[in-house]
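Data block for data16.cif (mmCIF, C-alpha atoms and all ligand atoms):
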```cif
data_upload
loop_
_atom_site.label_atom_id
_atom_site.label_comp_id
_atom_site.auth_asym_id
_atom_site.auth_seq_id
_atom_site.Cartn_x
_atom_site.Cartn_y
_atom_site.Cartn_z
CA MET X 1 35.34 102.30 -164.74
CA PRO X 2 33.97 101.89 -161.21
CA LYS X 3 36.32 102.97 -158.45
CA ILE X 4 35.07 100.79 -155.65
CA ASN X 5 36.70 97.38 -154.85
CA ILE X 6 35.56 94.84 -152.35
CA LEU X 7 38.67 94.12 -150.28
CA ASP X 8 40.04 90.58 -150.25
CA GLU X 9 39.99 88.56 -147.06
CA PHE X 10 43.72 88.92 -146.35
CA THR X 11 43.43 92.70 -146.47
CA ILE X 12 40.27 92.71 -144.35
CA ASN X 13 42.02 90.61 -141.73
CA GLN X 14 45.10 92.82 -141.75
CA ILE X 15 42.97 95.90 -141.13
CA ALA X 16 41.12 94.22 -138.27
CA ALA X 17 44.40 92.91 -136.82
CA GLY X 18 45.75 96.45 -136.78
CA GLU X 19 43.05 97.37 -134.26
CA VAL X 20 44.12 94.68 -131.83
CA VAL X 21 47.83 94.17 -132.36
CA GLU X 22 49.90 97.28 -132.25
CA ARG X 23 53.07 95.72 -130.82
CA PRO X 24 54.31 92.60 -129.00
CA ALA X 25 52.90 93.92 -125.70
CA SER X 26 49.39 93.88 -127.21
CA VAL X 27 49.85 90.18 -128.01
CA VAL X 28 50.98 89.44 -124.46
CA LYS X 29 47.98 91.35 -123.11
CA GLU X 30 45.47 89.41 -125.18
CA LEU X 31 47.06 86.02 -124.44
CA VAL X 32 47.28 86.61 -120.70
CA GLU X 33 43.71 87.95 -120.58
CA ASN X 34 42.58 84.73 -122.25
CA SER X 35 44.48 82.74 -119.61
CA ILE X 36 42.81 84.74 -116.86
CA ASP X 37 39.37 84.27 -118.43
CA ALA X 38 40.10 80.52 -118.47
CA SER X 39 40.39 80.68 -114.64
CA SER X 40 44.10 79.92 -114.51
CA SER X 41 45.88 80.11 -111.17
CA ALA X 42 49.39 80.15 -112.67
CA ILE X 43 50.55 81.93 -115.82
CA THR X 44 54.06 82.04 -117.26
CA ILE X 45 55.06 84.66 -119.80
CA GLU X 46 58.32 84.19 -121.70
CA ILE X 47 59.66 86.54 -124.34
CA LYS X 48 62.79 86.86 -126.44
CA ASP X 49 64.15 90.03 -127.99
CA GLY X 50 61.24 92.26 -127.06
CA GLY X 51 58.73 89.57 -128.01
CA ILE X 52 59.22 90.21 -131.73
CA PRO X 53 60.54 86.72 -132.64
CA PHE X 54 59.07 84.84 -129.68
CA ILE X 55 56.31 85.07 -127.06
CA ARG X 56 55.08 82.10 -125.06
CA VAL X 57 52.21 82.21 -122.57
CA THR X 58 51.53 79.07 -120.58
CA ASP X 59 48.54 78.65 -118.27
CA ASN X 60 46.94 75.95 -116.14
CA GLY X 61 43.39 77.01 -117.02
CA GLU X 62 40.36 75.28 -118.50
CA GLY X 63 41.97 74.47 -121.84
CA MET X 64 40.06 73.78 -125.06
CA ASP X 65 38.83 70.62 -126.69
CA GLN X 66 39.83 69.91 -130.29
CA GLN X 67 36.78 71.57 -131.80
CA ASP X 68 37.30 74.79 -129.81
CA ALA X 69 41.04 74.74 -130.54
CA ARG X 70 40.19 74.93 -134.25
CA LEU X 71 37.43 77.50 -133.81
CA CYS X 72 39.35 79.89 -131.58
CA PHE X 73 41.22 81.36 -134.58
CA GLU X 74 38.02 82.32 -136.39
CA ARG X 75 37.04 85.95 -136.29
CA HIS X 76 34.17 86.67 -133.85
CA ALA X 77 34.66 83.25 -132.24
CA THR X 78 34.12 83.59 -128.50
CA SER X 79 32.88 81.48 -125.63
CA LYS X 80 32.31 84.58 -123.49
CA ILE X 81 29.13 86.17 -124.81
CA ARG X 82 26.21 84.80 -126.79
CA SER X 83 24.26 87.90 -127.78
CA SER X 84 24.25 91.67 -127.57
CA ASP X 85 22.29 91.50 -124.29
CA ASP X 86 25.43 90.15 -122.64
CA LEU X 87 27.37 93.31 -123.59
CA TYR X 88 25.86 95.17 -120.67
CA GLU X 89 26.96 92.61 -118.08
CA ILE X 90 30.50 91.73 -119.13
CA ARG X 91 32.43 89.81 -116.52
CA SER X 92 35.26 88.45 -118.66
CA LEU X 93 38.24 90.40 -119.99
CA GLY X 94 37.62 89.30 -123.57
CA PHE X 95 34.31 89.13 -125.41
CA ARG X 96 34.95 90.23 -129.00
CA GLY X 97 36.42 86.96 -130.22
CA GLU X 98 38.95 88.90 -132.28
CA ALA X 99 42.26 88.54 -130.51
CA LEU X 100 43.46 85.13 -131.63
CA ALA X 101 42.20 85.75 -135.18
CA SER X 102 44.08 89.05 -135.28
CA ILE X 103 47.27 87.67 -133.74
CA ALA X 104 47.28 84.68 -136.10
CA ALA X 105 46.76 87.01 -139.09
CA ILE X 106 50.09 88.75 -138.46
CA SER X 107 52.31 86.00 -137.02
CA GLN X 108 53.04 82.28 -136.74
CA VAL X 109 51.02 80.80 -133.90
CA GLU X 110 51.12 77.45 -132.21
CA ILE X 111 48.70 76.28 -129.52
CA PHE X 112 48.94 73.30 -127.20
CA THR X 113 45.81 72.87 -125.15
CA ARG X 114 44.16 70.23 -123.00
CA PRO X 115 40.93 70.63 -121.03
CA ARG X 116 41.03 69.66 -117.36
CA ASN X 117 40.44 65.93 -116.89
CA SER X 118 40.72 65.21 -120.60
CA LEU X 119 42.94 62.34 -121.69
CA SER X 120 44.67 64.06 -124.57
CA GLY X 121 45.35 67.51 -125.90
CA THR X 122 45.40 69.32 -129.23
CA HIS X 123 48.23 70.99 -131.12
CA VAL X 124 47.27 73.60 -133.72
CA ILE X 125 49.61 75.50 -136.01
CA ASN X 126 48.34 78.62 -137.74
CA HIS X 127 50.51 80.79 -139.98
CA GLY X 128 49.19 84.15 -141.13
CA GLY X 129 45.60 83.13 -140.42
CA ASN X 130 45.80 79.75 -142.19
CA VAL X 131 45.49 76.55 -140.18
CA ILE X 132 48.54 74.46 -141.13
CA SER X 133 47.89 71.47 -138.91
CA VAL X 134 45.68 70.14 -136.10
CA GLN X 135 46.90 67.11 -134.18
CA GLU X 136 46.07 65.18 -131.07
CA VAL X 137 49.01 65.35 -128.65
CA GLY X 138 49.95 64.65 -125.09
CA CYS X 139 50.39 67.94 -123.19
CA PRO X 140 49.79 69.33 -119.70
CA GLU X 141 46.31 70.52 -118.70
CA GLY X 142 45.80 74.12 -119.66
CA THR X 143 46.94 76.09 -122.68
CA THR X 144 50.26 77.19 -124.14
CA VAL X 145 50.26 79.73 -126.94
CA ILE X 146 53.47 80.47 -128.83
CA VAL X 147 53.58 83.49 -131.11
CA ARG X 148 56.57 83.79 -133.44
CA ASN X 149 57.70 86.52 -135.81
CA ILE X 150 55.11 89.21 -135.30
CA PHE X 151 54.38 91.15 -138.52
CA TYR X 152 56.46 88.68 -140.60
CA ASN X 153 53.92 89.07 -143.43
CA THR X 154 53.52 92.84 -143.11
CA PRO X 155 57.05 94.33 -143.31
CA ALA X 156 55.63 97.86 -143.29
CA ARG X 157 54.25 97.31 -139.80
CA LEU X 158 57.37 95.50 -138.59
CA LYS X 159 59.33 98.66 -139.35
CA PHE X 160 57.19 100.62 -136.89
CA LEU X 161 58.28 98.52 -133.94
CA LYS X 162 60.88 99.99 -131.63
CA ALA X 163 64.14 98.38 -130.54
CA PRO X 164 63.72 95.00 -128.77
CA ARG X 165 64.78 96.60 -125.48
CA THR X 166 61.95 99.18 -125.74
CA GLU X 167 59.37 96.58 -126.75
CA ALA X 168 60.51 94.46 -123.77
CA ALA X 169 60.00 97.47 -121.49
CA TYR X 170 56.38 97.82 -122.69
CA ILE X 171 55.85 94.14 -121.91
CA SER X 172 57.45 94.43 -118.45
CA ASP X 173 55.15 97.36 -117.59
CA LEU X 174 52.15 95.40 -118.77
CA VAL X 175 53.10 92.29 -116.78
CA ALA X 176 53.59 94.43 -113.67
CA LYS X 177 50.02 95.75 -114.06
CA LEU X 178 48.71 92.21 -114.55
CA ILE X 179 50.43 91.08 -111.35
CA LEU X 180 48.93 94.02 -109.44
CA ALA X 181 45.52 93.32 -110.97
CA HIS X 182 45.56 89.65 -109.95
CA PRO X 183 47.20 88.88 -106.62
CA GLU X 184 45.29 85.57 -106.70
CA ILE X 185 47.26 84.39 -109.75
CA SER X 186 50.89 83.31 -109.66
CA PHE X 187 52.75 85.00 -112.51
CA ARG X 188 56.22 84.29 -113.82
CA TYR X 189 57.80 86.60 -116.32
CA ILE X 190 60.98 85.58 -118.12
CA ASN X 191 62.77 87.91 -120.50
CA ASN X 192 65.58 86.42 -122.64
CA GLY X 193 65.89 83.53 -120.19
CA LYS X 194 66.10 85.80 -117.14
CA ALA X 195 63.42 85.71 -114.42
CA VAL X 196 62.10 89.27 -113.99
CA TYR X 197 58.98 88.87 -111.86
CA HIS X 198 57.55 86.03 -109.87
CA SER X 199 54.40 86.60 -107.83
CA SER X 200 53.16 84.02 -105.36
CA GLY X 201 49.47 84.16 -106.22
CA ASN X 202 48.58 83.98 -102.51
CA GLY X 203 45.83 86.58 -102.99
CA ASP X 204 47.47 89.30 -100.94
CA LEU X 205 47.74 92.62 -102.81
CA LEU X 206 50.69 93.82 -100.75
CA SER X 207 52.73 90.74 -101.61
CA ALA X 208 51.89 91.29 -105.30
CA ILE X 209 53.07 94.90 -104.91
CA ILE X 210 56.31 93.70 -103.32
CA SER X 211 56.98 91.27 -106.16
CA VAL X 212 56.83 94.24 -108.55
CA TYR X 213 58.33 97.08 -106.50
CA GLY X 214 60.60 95.22 -104.07
CA ARG X 215 60.55 94.77 -100.28
CA ASP X 216 61.39 98.38 -99.39
CA VAL X 217 57.99 99.56 -100.56
CA ARG X 218 56.32 97.91 -97.56
CA GLU X 219 57.19 100.79 -95.21
CA GLN X 220 56.16 103.43 -97.72
CA VAL X 221 52.52 102.61 -98.35
CA ILE X 222 49.20 103.22 -96.59
CA LYS X 223 46.35 100.78 -96.94
CA ILE X 224 42.96 102.03 -98.04
CA ASP X 225 39.78 99.98 -97.84
CA ARG X 226 36.43 101.74 -98.16
CA SER X 227 33.02 101.05 -99.58
CA ASP X 228 29.66 102.67 -100.09
CA ASP X 229 26.51 100.56 -99.93
CA LYS X 230 24.28 102.99 -101.78
CA SER X 231 26.31 103.13 -105.01
CA GLY X 232 27.92 99.70 -104.63
CA LEU X 233 31.31 101.39 -105.14
CA SER X 234 34.34 100.19 -103.23
CA LEU X 235 38.02 101.09 -103.16
CA TYR X 236 40.83 98.86 -101.97
CA GLY X 237 44.56 99.20 -102.28
CA TYR X 238 47.62 101.17 -101.25
CA LEU X 239 48.58 104.83 -101.41
CA GLY X 240 52.26 105.71 -101.58
CA ARG X 241 53.92 107.94 -99.02
CA PRO X 242 55.39 111.13 -100.54
CA SER X 243 58.76 109.33 -100.79
CA LEU X 244 57.26 107.25 -103.60
CA ALA X 245 55.87 110.22 -105.55
CA ARG X 246 57.38 110.69 -108.99
CA MET X 247 57.35 113.35 -111.68
CA ASN X 248 55.19 111.22 -114.00
CA ARG X 249 52.09 109.07 -113.70
CA ASN X 250 53.83 105.73 -114.38
CA HIS X 251 53.18 104.53 -110.86
CA GLN X 252 49.46 105.09 -110.75
CA SER X 253 47.73 101.79 -111.26
CA PHE X 254 43.94 101.68 -111.34
CA PHE X 255 41.94 98.51 -111.72
CA VAL X 256 38.20 98.58 -112.26
CA ASN X 257 36.53 95.24 -111.56
CA GLY X 258 39.93 93.58 -111.98
CA ARG X 259 40.75 95.25 -115.29
CA TYR X 260 43.69 97.65 -115.64
CA VAL X 261 42.39 101.01 -116.81
CA LYS X 262 43.62 104.46 -117.57
CA SER X 263 41.12 107.01 -116.44
CA SER X 264 41.60 110.73 -116.25
CA LEU X 265 38.68 110.82 -113.81
CA LEU X 266 40.42 108.44 -111.39
CA SER X 267 43.80 110.16 -111.78
CA ARG X 268 42.12 113.48 -111.10
CA SER X 269 40.43 112.27 -107.91
CA LEU X 270 43.72 110.75 -106.68
CA GLU X 271 45.74 113.86 -107.49
CA ASP X 272 43.17 116.34 -106.21
CA ALA X 273 43.02 114.43 -102.91
CA HIS X 274 46.82 114.74 -102.63
CA ARG X 275 46.84 118.47 -103.26
CA SER X 276 49.09 120.13 -100.65
CA TYR X 277 50.49 116.71 -99.65
CA LEU X 278 53.13 116.49 -102.39
CA PRO X 279 55.87 118.73 -103.78
CA LEU X 280 55.02 120.65 -106.95
CA HIS X 281 54.96 118.58 -110.20
CA HIS X 282 54.96 115.30 -108.29
CA PHE X 283 52.36 112.62 -108.90
CA PRO X 284 51.15 110.24 -106.23
CA TRP X 285 52.08 106.56 -106.28
CA ALA X 286 49.04 104.33 -105.91
CA VAL X 287 47.75 100.84 -106.57
CA LEU X 288 43.97 101.00 -106.35
CA HIS X 289 41.29 98.46 -107.02
CA ILE X 290 37.85 99.89 -107.64
CA SER X 291 34.87 97.66 -107.74
CA ILE X 292 31.57 98.90 -109.10
CA PRO X 293 28.39 97.16 -110.33
CA THR X 294 28.99 96.14 -113.97
CA SER X 295 25.89 98.09 -115.03
CA GLN X 296 27.60 101.30 -113.83
CA VAL X 297 30.64 101.05 -116.07
CA ASP X 298 31.14 100.68 -119.83
CA VAL X 299 34.22 98.75 -120.97
CA ASN X 300 33.07 98.45 -124.58
CA VAL X 301 34.94 101.57 -125.70
CA HIS X 302 37.81 100.34 -127.91
CA PRO X 303 39.28 96.86 -128.50
CA ALA X 304 42.83 97.57 -127.43
CA LYS X 305 42.40 100.67 -125.30
CA THR X 306 42.24 100.60 -121.55
CA GLU X 307 39.59 103.28 -121.19
CA VAL X 308 36.42 102.93 -119.20
CA ARG X 309 33.39 105.12 -118.90
CA PHE X 310 31.48 105.48 -115.65
CA ARG X 311 27.75 106.09 -115.77
CA LYS X 312 27.85 108.38 -112.72
CA GLU X 313 31.16 110.18 -113.08
CA GLU X 314 30.55 112.82 -110.45
CA GLU X 315 29.62 110.27 -107.80
CA VAL X 316 32.71 108.11 -108.51
CA TYR X 317 35.00 111.15 -108.47
CA SER X 318 33.74 112.53 -105.19
CA LEU X 319 33.58 109.26 -103.25
CA ILE X 320 37.13 108.34 -104.26
CA PHE X 321 38.41 111.83 -103.59
CA GLN X 322 36.81 111.82 -100.16
CA TRP X 323 38.07 108.35 -99.19
CA ILE X 324 41.65 109.14 -100.21
CA ARG X 325 41.58 112.51 -98.49
CA GLU X 326 40.31 110.97 -95.24
CA THR X 327 42.95 108.23 -95.39
CA LEU X 328 45.75 110.75 -95.89
CA GLU X 329 44.46 112.86 -93.01
CA ALA X 330 44.36 109.81 -90.75
CA HIS X 331 48.02 108.99 -91.55
CA PRO X 332 50.00 112.20 -91.16
CA TYR X 333 53.38 111.90 -92.84
CA ILE X 334 56.36 112.28 -90.57
CA PRO X 335 59.51 112.21 -92.67
CA ASP X 336 61.90 109.54 -91.47
CA ILE X 337 64.79 111.65 -90.22
CA LYS X 338 67.77 109.62 -89.10
CA HIS X 339 69.30 111.28 -86.03
CA GLU X 340 73.05 111.34 -85.76
CA VAL X 341 74.31 110.35 -82.33
P1 LIG X 401 37.72 86.47 -126.68
O1 LIG X 401 38.73 86.40 -125.57
O2 LIG X 401 37.26 87.86 -126.95
O3 LIG X 401 36.60 85.49 -126.51
P2 LIG X 401 39.90 85.45 -128.31
O4 LIG X 401 40.15 85.52 -129.77
O5 LIG X 401 40.89 86.07 -127.42
O6 LIG X 401 38.46 86.04 -128.05
O7 LIG X 401 39.73 83.92 -127.91
C1 LIG X 401 38.74 83.14 -128.56
C2 LIG X 401 38.25 81.99 -127.68
O8 LIG X 401 39.30 81.02 -127.54
C3 LIG X 401 37.92 82.40 -126.25
O9 LIG X 401 36.58 82.88 -126.14
C4 LIG X 401 38.12 81.09 -125.50
O10 LIG X 401 36.97 80.28 -125.58
C5 LIG X 401 39.24 80.41 -126.27
N1 LIG X 401 40.57 80.60 -125.62
C6 LIG X 401 41.53 81.47 -125.98
N2 LIG X 401 42.61 81.39 -125.18
C7 LIG X 401 42.33 80.45 -124.25
C8 LIG X 401 43.03 79.90 -123.12
N3 LIG X 401 44.25 80.34 -122.77
N4 LIG X 401 42.42 78.92 -122.41
C9 LIG X 401 41.19 78.48 -122.75
N5 LIG X 401 40.47 78.95 -123.80
C10 LIG X 401 41.02 79.93 -124.54
MG MG X 402 40.61 87.20 -125.66
#
```
In structure tokens, how does this file's structure come out?
Ligand code: ADP
Ligand code: MG
Amino acid sequence: MPKINILDEFTINQIAAGEVVERPASVVKELVENSIDASSSAITIEIKDGGIPFIRVTDNGEGMDQQDARLCFERHATSKIRSSDDLYEIRSLGFRGEALASIAAISQVEIFTRPRNSLSGTHVINHGGNVISVQEVGCPEGTTVIVRNIFYNTPARLKFLKAPRTEAAYISDLVAKLILAHPEISFRYINNGKAVYHSSGNGDLLSAIISVYGRDVREQVIKIDRSDDKSGLSLYGYLGRPSLARMNRNHQSFFVNGRYVKSSLLSRSLEDAHRSYLPLHHFPWAVLHISIPTSQVDVNVHPAKTEVRFRKEEEVYSLIFQWIRETLEAHPYIPDIKHEV
């Protein structure tokens, strides 16, 4: 008896979906990234009960025609790259053409979409990877994706989700990063009917920061804006005064070419530059946008991970370290001591 089976399509899709969709926050990430790639200027994210029964992302972007609305659920269906040559010059957030296929494989998805200037839109229903219906409908320009009952067909994975409140917290963190990444987009985030964040989309990073952290943060940040012609590297954003420092790294937000990333290299340059500026065990608060020629950075590391790899690590580390250090030195911190009269 041979031992080897060829897996059936359902199983293959479930395995692939596992790479992309870990929890409701991963669905929100993929949907919003698609909205951003579709050049939307306004995106609304609504969730119920941690996103497990209900996620809706509405955008005013390019939309899809009926043919694309059918195709978008196919695995490896993407409008963003055409061949492997494009992998070295990626400008969009997506490019694998796997997200919608993976999300549909583990949930019940509905899409309403209408291209700009098109007379009618398309409504597609897909349950567990199977297209249930495709209809012409009237709907606003742009795209709305509704994802219901994540992991409804894989109870084993449903059990691994945390309480709705915890899943909602992951989504809130993610939306905050998206707002900080895209001051030029107006975001609304609604959790169980309650408005949590609303950013204006006026393009100003500080106003995006205020919509996440509140007005008081304005007096506690230092602007940084530097660039280097030789490497093409530039750094723009805000460093927190010591009053914003925390005992964890939750308030370090790095964006490389507009994409939220976690990078031990960037954290290290930020923290090393703050050495002797902060109390022991405290981590600096920062919202930093790094821009670098696309040929100098590799984003093709893992589908769902937020890691990047820089070609010239040492150069990136030392320029950023030096710029932050110089900025801190130019803005000596004088604690705000309120004098009693
Ligand atoms: P990828 O983003 O890697 O291309 P996805 O599975 O996320 O793959 O999406 C597949 C395709 O569906 C995209 O390439 C895009 O053409 C289309 N699409 C998905 N979401 C939207 C949207 N919100 N607006 C317009 N087109 C979209
Ligand atoms: Mg995508």
Would you mind listing, for every residue of chain X within 9 Å of ligand LIG 401 (chain X), the two atoms forming the shortest contact and the distance between them in Å to one decimal, using all atoms listed in the file, sorted by chain and ascending residue number, as JSON lines?
```
{"residue": "X:Glu30", "atom": "CA", "partner": "X:LIG401", "partner_atom": "O5", "distance": 6.1}
{"residue": "X:Leu31", "atom": "CA", "partner": "X:LIG401", "partner_atom": "N2", "distance": 6.5}
{"residue": "X:Val32", "atom": "CA", "partner": "X:LIG401", "partner_atom": "N3", "distance": 7.3}
{"residue": "X:Glu33", "atom": "CA", "partner": "X:LIG401", "partner_atom": "O1", "distance": 7.2}
{"residue": "X:Asn34", "atom": "CA", "partner": "X:LIG401", "partner_atom": "N2", "distance": 4.4}
{"residue": "X:Ser35", "atom": "CA", "partner": "X:LIG401", "partner_atom": "N3", "distance": 4.0}
{"residue": "X:Ile36", "atom": "CA", "partner": "X:LIG401", "partner_atom": "N3", "distance": 7.5}
{"residue": "X:Asp37", "atom": "CA", "partner": "X:LIG401", "partner_atom": "N4", "distance": 7.3}
{"residue": "X:Ala38", "atom": "CA", "partner": "X:LIG401", "partner_atom": "N4", "distance": 4.8}
{"residue": "X:Ser39", "atom": "CA", "partner": "X:LIG401", "partner_atom": "N4", "distance": 8.2}
{"residue": "X:Ser40", "atom": "CA", "partner": "X:LIG401", "partner_atom": "N4", "distance": 8.1}
{"residue": "X:Val57", "atom": "CA", "partner": "X:LIG401", "partner_atom": "N3", "distance": 8.2}
{"residue": "X:Thr58", "atom": "CA", "partner": "X:LIG401", "partner_atom": "N3", "distance": 7.7}
{"residue": "X:Asp59", "atom": "CA", "partner": "X:LIG401", "partner_atom": "N3", "distance": 6.4}
{"residue": "X:Asn60", "atom": "CA", "partner": "X:LIG401", "partner_atom": "N4", "distance": 8.3}
{"residue": "X:Gly61", "atom": "CA", "partner": "X:LIG401", "partner_atom": "N4", "distance": 5.8}
{"residue": "X:Glu62", "atom": "CA", "partner": "X:LIG401", "partner_atom": "C9", "distance": 5.4}
{"residue": "X:Gly63", "atom": "CA", "partner": "X:LIG401", "partner_atom": "C9", "distance": 4.2}
{"residue": "X:Met64", "atom": "CA", "partner": "X:LIG401", "partner_atom": "N5", "distance": 5.3}
{"residue": "X:Asp65", "atom": "CA", "partner": "X:LIG401", "partner_atom": "N5", "distance": 9.0}
{"residue": "X:Asp68", "atom": "CA", "partner": "X:LIG401", "partner_atom": "C5", "distance": 6.9}
{"residue": "X:Ala69", "atom": "CA", "partner": "X:LIG401", "partner_atom": "O8", "distance": 7.2}
{"residue": "X:Leu71", "atom": "CA", "partner": "X:LIG401", "partner_atom": "O8", "distance": 7.4}
{"residue": "X:Cys72", "atom": "CA", "partner": "X:LIG401", "partner_atom": "O8", "distance": 4.2}
{"residue": "X:Phe73", "atom": "CA", "partner": "X:LIG401", "partner_atom": "O4", "distance": 6.4}
{"residue": "X:Glu74", "atom": "CA", "partner": "X:LIG401", "partner_atom": "O4", "distance": 7.7}
{"residue": "X:Arg75", "atom": "CA", "partner": "X:LIG401", "partner_atom": "O4", "distance": 7.2}
{"residue": "X:His76", "atom": "CA", "partner": "X:LIG401", "partner_atom": "O6", "distance": 7.2}
{"residue": "X:Ala77", "atom": "CA", "partner": "X:LIG401", "partner_atom": "C1", "distance": 5.5}
{"residue": "X:Thr78", "atom": "CA", "partner": "X:LIG401", "partner_atom": "O9", "distance": 3.5}
{"residue": "X:Ser79", "atom": "CA", "partner": "X:LIG401", "partner_atom": "O9", "distance": 4.0}
{"residue": "X:Lys80", "atom": "CA", "partner": "X:LIG401", "partner_atom": "O9", "distance": 5.3}
{"residue": "X:Ile81", "atom": "CA", "partner": "X:LIG401", "partner_atom": "O3", "distance": 7.7}
{"residue": "X:Ser92", "atom": "CA", "partner": "X:LIG401", "partner_atom": "O1", "distance": 8.0}
{"residue": "X:Leu93", "atom": "CA", "partner": "X:LIG401", "partner_atom": "O1", "distance": 6.9}
{"residue": "X:Gly94", "atom": "CA", "partner": "X:LIG401", "partner_atom": "O2", "distance": 3.7}
{"residue": "X:Phe95", "atom": "CA", "partner": "X:LIG401", "partner_atom": "O2", "distance": 3.6}
{"residue": "X:Arg96", "atom": "CA", "partner": "X:LIG401", "partner_atom": "O2", "distance": 3.9}
{"residue": "X:Gly97", "atom": "CA", "partner": "X:LIG401", "partner_atom": "O6", "distance": 3.1}
{"residue": "X:Glu98", "atom": "CA", "partner": "X:LIG401", "partner_atom": "O4", "distance": 4.4}
{"residue": "X:Ala99", "atom": "CA", "partner": "X:LIG401", "partner_atom": "O4", "distance": 3.8}
{"residue": "X:Leu100", "atom": "CA", "partner": "X:LIG401", "partner_atom": "O4", "distance": 3.8}
{"residue": "X:Ala101", "atom": "CA", "partner": "X:LIG401", "partner_atom": "O4", "distance": 5.8}
{"residue": "X:Ser102", "atom": "CA", "partner": "X:LIG401", "partner_atom": "O4", "distance": 7.6}
{"residue": "X:Ile103", "atom": "CA", "partner": "X:LIG401", "partner_atom": "O4", "distance": 8.4}
{"residue": "X:Thr113", "atom": "CA", "partner": "X:LIG401", "partner_atom": "N4", "distance": 7.5}
{"residue": "X:Arg114", "atom": "CA", "partner": "X:LIG401", "partner_atom": "C9", "distance": 8.8}
{"residue": "X:Pro115", "atom": "CA", "partner": "X:LIG401", "partner_atom": "C9", "distance": 8.0}
{"residue": "X:Gly142", "atom": "CA", "partner": "X:LIG401", "partner_atom": "N4", "distance": 6.5}
{"residue": "X:Thr143", "atom": "CA", "partner": "X:LIG401", "partner_atom": "N3", "distance": 5.0}
{"residue": "X:Thr144", "atom": "CA", "partner": "X:LIG401", "partner_atom": "N3", "distance": 6.9}
{"residue": "X:Val145", "atom": "CA", "partner": "X:LIG401", "partner_atom": "N3", "distance": 7.3}
```
### Query
Could you work out how far CA of Gln220 in chain X lies from CA of Leu244 in chain X, giving the answer in Å with one decimal?
7.1 Å
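Between CA of Arg56 in chain X and CA of Thr166 in chain X the separation is 18.4 Å.
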### Task
Find the distance between CA of Ala245 in chain X and CA of Ser199 in chain X and write it in Å to one decimal.
23.8 Å
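Each of X:Ala208, X:Ile4, X:Val28, X:Cys139 was checked against ligand MG 402 (chain X) using all atoms listed in the file; the smallest atom-to-atom distance is that of X:Val28.
The nearest approach to Glu141 in chain X among the residues X:Leu278, X:Leu288, X:Leu119, X:Val217, with all atoms listed in the file taken into account, belongs to X:Leu119.
Of the residues under consideration (X:Ser172, X:Ala286, X:Gln14, X:His251), X:Ala286 shows the shortest atom-to-atom contact distance to Leu206 in chain X when counting all atoms listed in the file.
Within 8 Å of range 149-154 of chain X there are Pro24, Ile52, Pro53, Phe54, Ile106, Ser107, Gln108 and Gly128 of chain X, counting only C-alpha atoms and ignoring same-chain residues fewer than 5 positions away.
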### Summary
Counting all atoms listed in the file, closest pick from X:Ser276, X:Ser26, X:Ser41, X:Ser264 relative to ligand MG 402 (chain X) is X:Ser26
### Query
Using all atoms listed in the file, which residues sit within 9 Å of range 131-136 of chain X once same-chain residues fewer than 6 positions away are excluded, as an NGL selection string?
:X and (66 or 69-70 or 73 or 120-125)
Would you save the residues of that selection, restricted to C-alpha atoms, as a short mmCIF file (atom, residue, chain, number, x, y, z; two decimals), in the frame of the given file?
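To be explicit, this is the file written out as selection14.cif:
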```cif
data_model
loop_
_atom_site.label_atom_id
_atom_site.label_comp_id
_atom_site.auth_asym_id
_atom_site.auth_seq_id
_atom_site.Cartn_x
_atom_site.Cartn_y
_atom_site.Cartn_z
CA GLN X 66 39.83 69.91 -130.29
CA ALA X 69 41.04 74.74 -130.54
CA ARG X 70 40.19 74.93 -134.25
CA PHE X 73 41.22 81.36 -134.58
CA SER X 120 44.67 64.06 -124.57
CA GLY X 121 45.35 67.51 -125.90
CA THR X 122 45.40 69.32 -129.23
CA HIS X 123 48.23 70.99 -131.12
CA VAL X 124 47.27 73.60 -133.72
CA ILE X 125 49.61 75.50 -136.01
#
```
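Checking X:Ile43, X:Val221, X:Val20, X:Ala156 one by one against ligand MG 402 (chain X), counting only C-alpha atoms and all ligand atoms, you find the shortest gap at X:Val20.
The nearest approach to ligand MG 402 (chain X) among the residues X:Ile15, X:Leu265, X:Leu7, X:Val27, with only C-alpha atoms and all ligand atoms taken into account, belongs to X:Val27.
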### Query
Can you find the residues with an atom no farther than 8 Å from (66.4, 93.3, -132.3), counting all atoms listed in the file, and report them as a list in words?
Asp49, Gly50, Ile52, Ala163, Pro164 and Arg165 of chain X
Can you spit out the residues from that selection as a PDB file, in the coordinates of the input, using C-alpha atoms?
```pdb
ATOM      1  CA  ASP X  49      64.150  90.030-127.990  1.00  0.00           C
ATOM      2  CA  GLY X  50      61.240  92.260-127.060  1.00  0.00           C
ATOM      3  CA  ILE X  52      59.220  90.210-131.730  1.00  0.00           C
ATOM      4  CA  ALA X 163      64.140  98.380-130.540  1.00  0.00           C
ATOM      5  CA  PRO X 164      63.720  95.000-128.770  1.00  0.00           C
ATOM      6  CA  ARG X 165      64.780  96.600-125.480  1.00  0.00           C
TER       7      ARG X 165
END
```
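Every protein, DNA or RNA residue with an atom at most 7 Å from range 224-226 of chain X, where all atoms listed in the file count and chain neighbours fewer than 2 positions away do not, is listed here: Ile222, Ser234, Leu235, Tyr236, Gly237, Tyr238, Trp323 and Thr327 of chain X.
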### Message
Report as JSON, numbers by chain all protein, DNA and RNA residues lying within 12 Å of Ala195 in chain X, evaluated on all atoms listed in the file, omitting residues in the same chain fewer than 3 positions from it.
### Response
{"X": [44, 45, 46, 47, 172, 187, 188, 189, 190, 191, 192, 198, 199, 211]}
### Selection as a PyMOL selection string: residues within 10 Å of (48.1, 102.3, -115.2), counting only C-alpha atoms
chain X and resi 173-174+176-177+249-255+260-263+267+286-288+306
